[in-house]
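Participant: Shown below is the structure under consideration.
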Amino acid sequence: MKKYLVFGFCIGFLYPFYAQEKEIETVEIEGKFLSIPLKNISENVEVITREDIRKMPAHTLEDVLQFYTGIDIRKRGAGDTQADLSIRGSSYDQVLVLIDGVRMSDAQTGHNTMSLPFDLNTVDKIEIIKGPAARRFGQNAYAGVINIVTKISDEKEVKVYGSGGDFKTWSLGSSVNLGSDNFANYLQLSNSESDGYRHNTDYKVKNVWYQNRLNLRNGHLKLQAGFIEKKFGANGFYATPSATEQYEETQTSLVSILYDYKKDNLGINANLFWRRAQDLYLYQRDNPSFYRNLHIGNNYGAELNFSYHSKLGTSGIGIEMHREDLSSNNLGTRKRWVNQLFAEHHFSLFQNRLTLIPGISWINYQDTGNFFYPGLDVGFQINDRNKIYGNIAKVHRLPTYTDLYYISATEEGNPDLKPENALSYEIGYRYFRSHFLFKTSFFGRNSKNAIDWGRADENSIWIAENIGKLTTKGFEVEVEKKWEGFLRSISASYTYLDIQSENSLNQNSRYALENLRHQFNSKVNFGYKRFNNALIFQYNRRVFSENYFLLDEKISYTDKNWEAFLLINNLTNSKYLGPNLVPMPGRWFMLGFTWKGKL
């Protein structure tokens, strides 16, 4: 009954705003083969701009993402020490994260996917692609893709920013843009620390990020390099909640070269990348010899994409090759190649009102075999403001090395696991008008050979297994209105999920039924002149746990060269649990500033 009440609220919300006629902003989606205006796409895409991020009561990327419907961020502890990312009930291994189109997959485990070598100040926008339209990105794009777009400013400027708050939490960072119009450089450094909100939840996080852009004839050449190190107490994060003395250190490095070219009807983009990840885990922080894991992974590869526009539409073809190496005292020495070939064509019919995008990908997994994954996107523009769309595709994921080989006192991997695959589909409707957006969709995902960790009872160990068929169905609805005045924006969104298994999963399934069944978010921005107040309300209800409410607030004052803010997370001091029954932080205050100047 609750889902229908929330759905009714969102529908009723849209009627008072039909009278105004001002056009909504244009936002470009940076796709694999094409960049397309947001209102013209035939996919379920959410775009979070730099201005959206600046106003939010958030100080990490994970904080930002959790405010959007269908996105489930399962934090362990505070800050950005460790968090799992889920889209529409997926596991954390079923979401692909990209930095400017470069994959950040971690072959060891998806627990480390969100270990990114920069902070929020480097982010220009975030593109969230949900459902089967993510198929063109290949391995790990099972439920969706998060593409984090960075940008070097054309202005020469320096920025300093910092914050401090409860539990001796503080952060300090700086960035600088240098160079000329033809050769721009960006450097960012930051450090954050906290004593933690309970025993053994302290953390230290530091990063450095550099990128440049060289303008070429008909294109650009970019270099990116970054490093992040996290050291944190992991009280109850893994094993059992009683394991209070766990400790972890992770390091992630990324080096990538990107090239794009466009002349007449031909477009080319390519990248070379190397991602190194190191993960040190201690079961007892003060006694390393008791139980210690050290994993060092190296992922490296290349991608090349072509697009060509003709009278018949736009054709795209791409090839990617990457290798996943791991050296571990627990998982052993592992190596595998993943090769992928993509092809699709964009048809535009009836004066561009109907778009058809058929596509297919071929995947070769070393020692596993060849697989074909077709898909189709369809969109129909009813008029300038109304559009309907549908997507259907086969998606896939290869088991991680942890799924296959991990051994501990409480867990056992399974080297006989098969890749999981699913038929994913969605049908949706979108309405744009005068700074107003309404969209709704119904979606589903029928998984085969789904991978999960299960156990016979509470006294048994967790074992990785292909649990068979898993059926996911749901719907979501979003509405947003923007103004110029005291009330600047208001939005509401709701996602309902129902996941069923042929094997009658219960609490002895670790991930498959840990999803949110009901998720409701509402955002309000209001202010006067240079003051802005952002309030974000969240209601979450998981399958096997109680519901909880969260309210976050950010009050900010912005002048020409600086900003000061007060950020309050969990304003109502709600009590709730994260993964593995980890108690999450209560009310948390933080004061901060940003200053920037010209060079």
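Letters for chains follow the order of the structure tokens (A, B, ...), residue numbers begin at 1 for each chain, and ligand numbers begin at 1 in the order shown.
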Can you pull out every residue within 7 Å of Glu157 (chain A), counting only C-alpha atoms, but drop anything in the same chain fewer than 3 positions away, and send it as an NGL selection string?

Facilitator: :A and (176-177 or 596-599)

Participant: What's the 6 Å shell around region 180-194 of chain A, counting only C-alpha atoms, without same-chain residues fewer than 4 positions away, as an MDAnalysis selection string?

Facilitator: chainID A and resid 168:176 202:215

Participant: Give one line per residue of region 311-363 of chain A that approaches region 269-272 of chain A to at most 10 Å, naming the two atoms of the closest pair and their distance in Å to one decimal, counting only C-alpha atoms; sort by chain then ascending residue number and deliver it as a tab-separated table.

Facilitator:
```
residue	atom	partner	partner_atom	distance
A:Gly318	CA	A:Ala270	CA	9.3
A:Ile319	CA	A:Ala270	CA	9.6
A:Glu320	CA	A:Asn271	CA	9.4
A:Met321	CA	A:Leu272	CA	9.9
A:His322	CA	A:Leu272	CA	9.6
```

Participant: Calculated over only C-alpha atoms, which of the candidates A:Ala564, A:Met104, A:Leu85, A:Ile382 has the smallest distance to Gly301 (chain A)?

Facilitator: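 Among the listed residues, A:Met104 lies closest to Gly301 (chain A).
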
Participant: Measuring atom to atom with only C-alpha atoms, identify which of A:Ile36, A:Leu423, A:Leu497, A:Val255 is nearest to Pro374 (chain A).

Facilitator: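 Under the stated criterion, the closest residue is A:Leu423.
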
Participant: So which residues touch Thr594 (chain A) within 8 Å, counting only C-alpha atoms, skipping near sequence neighbours fewer than 2 positions away, as a PyMOL selection string?

Facilitator: chain A and resi 159-162+562-564+592+596

Participant: Between A:Thr400, A:Ser493, A:Asn573, A:Asn525, which one has atoms that come closest to Lys55 (chain A), using only C-alpha atoms?

Facilitator: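 Once distances to Lys55 (chain A) are computed over only C-alpha atoms, the minimum belongs to A:Asn525.
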
Participant: For each of A:Lys387, A:Pro241, A:Ile41, A:Leu266, take the minimum atom-to-atom distance to Gly219 (chain A), counting only C-alpha atoms, then give the residue where this is smallest.

Facilitator: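 Among the listed residues, A:Leu266 lies closest to Gly219 (chain A).
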
Participant: Hey, what's within 8 Å of Lys32 (chain A) if we count only C-alpha atoms and toss same-chain stuff fewer than 6 positions away? As number ranges by chain, please?

Facilitator: A: 101, 136-137, 305

Participant: Looking at A:Thr472, A:Asn540, A:Asn503, A:Asn383, which one is nearest to Lys39 (chain A), with distances taken over only C-alpha atoms?

Facilitator: A:Asn383

Participant: Quick check for you: according to DSSP on this backbone, which residues of region 54-167 of chain A are classed as helix (DSSP H, G or I)? Reply as a list in words.

Facilitator: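 Those residues are Arg54, Lys55, Leu61, Glu62, Asp63, Val64, Leu65, Tyr92, Asp93, Gln94, Gly110, His111, Asn112, Leu120, Asn121, Thr122, Gly131, Pro132, Ala133, Ala134, Arg135, Arg136 and Phe137 of chain A.
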
Participant: Could you tell me which of A:Gly578, A:Gly138, A:Gly89, A:Gly79 comes closest to Val338 (chain A) if we count only C-alpha atoms?

Facilitator: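 Looking at the shortest contact to Val338 (chain A), the residue is A:Gly138.
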
Participant: DSSP says strand (DSSP E or B) for which residues of region 206-261 of chain A? Put them as a count of residues only?

Facilitator: 41

Participant: Excluding Gln284 (chain A) and its own-chain neighbours fewer than 5 positions away, which residues fall within 9 Å of it when counting only C-alpha atoms? Please give them as a PDB file with C-alpha atoms, in the first residue's frame.

Facilitator:
```
ATOM      1  CA  ALA A 243      35.103  -8.756  14.932  1.00  0.00           C
ATOM      2  CA  THR A 244      35.659  -5.286  16.379  1.00  0.00           C
ATOM      3  CA  GLU A 245      39.441  -4.990  15.862  1.00  0.00           C
ATOM      4  CA  GLN A 246      39.643  -5.331  12.075  1.00  0.00           C
ATOM      5  CA  TYR A 247      41.802  -2.892  10.125  1.00  0.00           C
ATOM      6  CA  SER A 289      50.473 -11.965  12.543  1.00  0.00           C
ATOM      7  CA  PHE A 290      47.116 -13.390  13.719  1.00  0.00           C
ATOM      8  CA  TYR A 291      45.463 -13.087  10.278  1.00  0.00           C
ATOM      9  CA  ARG A 292      46.653 -10.943   7.381  1.00  0.00           C
TER      10      ARG A 292
END
```

Participant: Have a look at CA of Glu249 (chain A) and CA of Arg74 (chain A) and let me know their distance in Å, one decimal.

Facilitator: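 Straight-line distance from CA of Glu249 (chain A) to CA of Arg74 (chain A) works out to 19.0 Å.
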
Participant: State, in Å with one decimal place, the distance from CA of Leu326 (chain A) to CA of Tyr365 (chain A).

Facilitator: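 Computed distance, CA of Leu326 (chain A) to CA of Tyr365 (chain A), equals 16.1 Å.
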
Participant: What does the distance from CA of Arg285 (chain A) to CA of Ser86 (chain A) come to in Å, to one decimal?

Facilitator: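 Interatomic distance, CA of Arg285 (chain A) to CA of Ser86 (chain A): 29.1 Å.
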
Participant: Do you know which residues are at most 7 Å from Phe237 (chain A) counting only C-alpha atoms, after dropping those on the same chain fewer than 2 positions away, and could you put them as JSON, numbers by chain?

Facilitator: {"A": [76, 234, 235, 580, 582]}

Participant: Enumerate, in order of chain and increasing residue number, the residues of region 50-115 of chain A with an atom no farther than 10 Å from region 569-572 of chain A, each with its shortest atom pair and distance in Å to one decimal, counting only C-alpha atoms, as a Markdown table.

Facilitator:
```
| residue | atom | partner | partner_atom | distance |
| --- | --- | --- | --- | --- |
| A:Pro57 | CA | A:Asn569 | CA | 7.2 |
| A:Ala58 | CA | A:Asn569 | CA | 8.2 |
| A:Asp63 | CA | A:Asn569 | CA | 9.8 |
```

Participant: Convert the current residue selection to file output with C-alpha atoms, as a PDB file, in the first residue's frame.

Facilitator:
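Full text of selection.pdb as output:
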```pdb
ATOM      1  CA  PRO A  57      24.670  18.245   1.965  1.00  0.00           C
ATOM      2  CA  ALA A  58      27.481  15.953   0.842  1.00  0.00           C
ATOM      3  CA  ASP A  63      27.033  10.971  -0.266  1.00  0.00           C
TER       4      ASP A  63
END
```
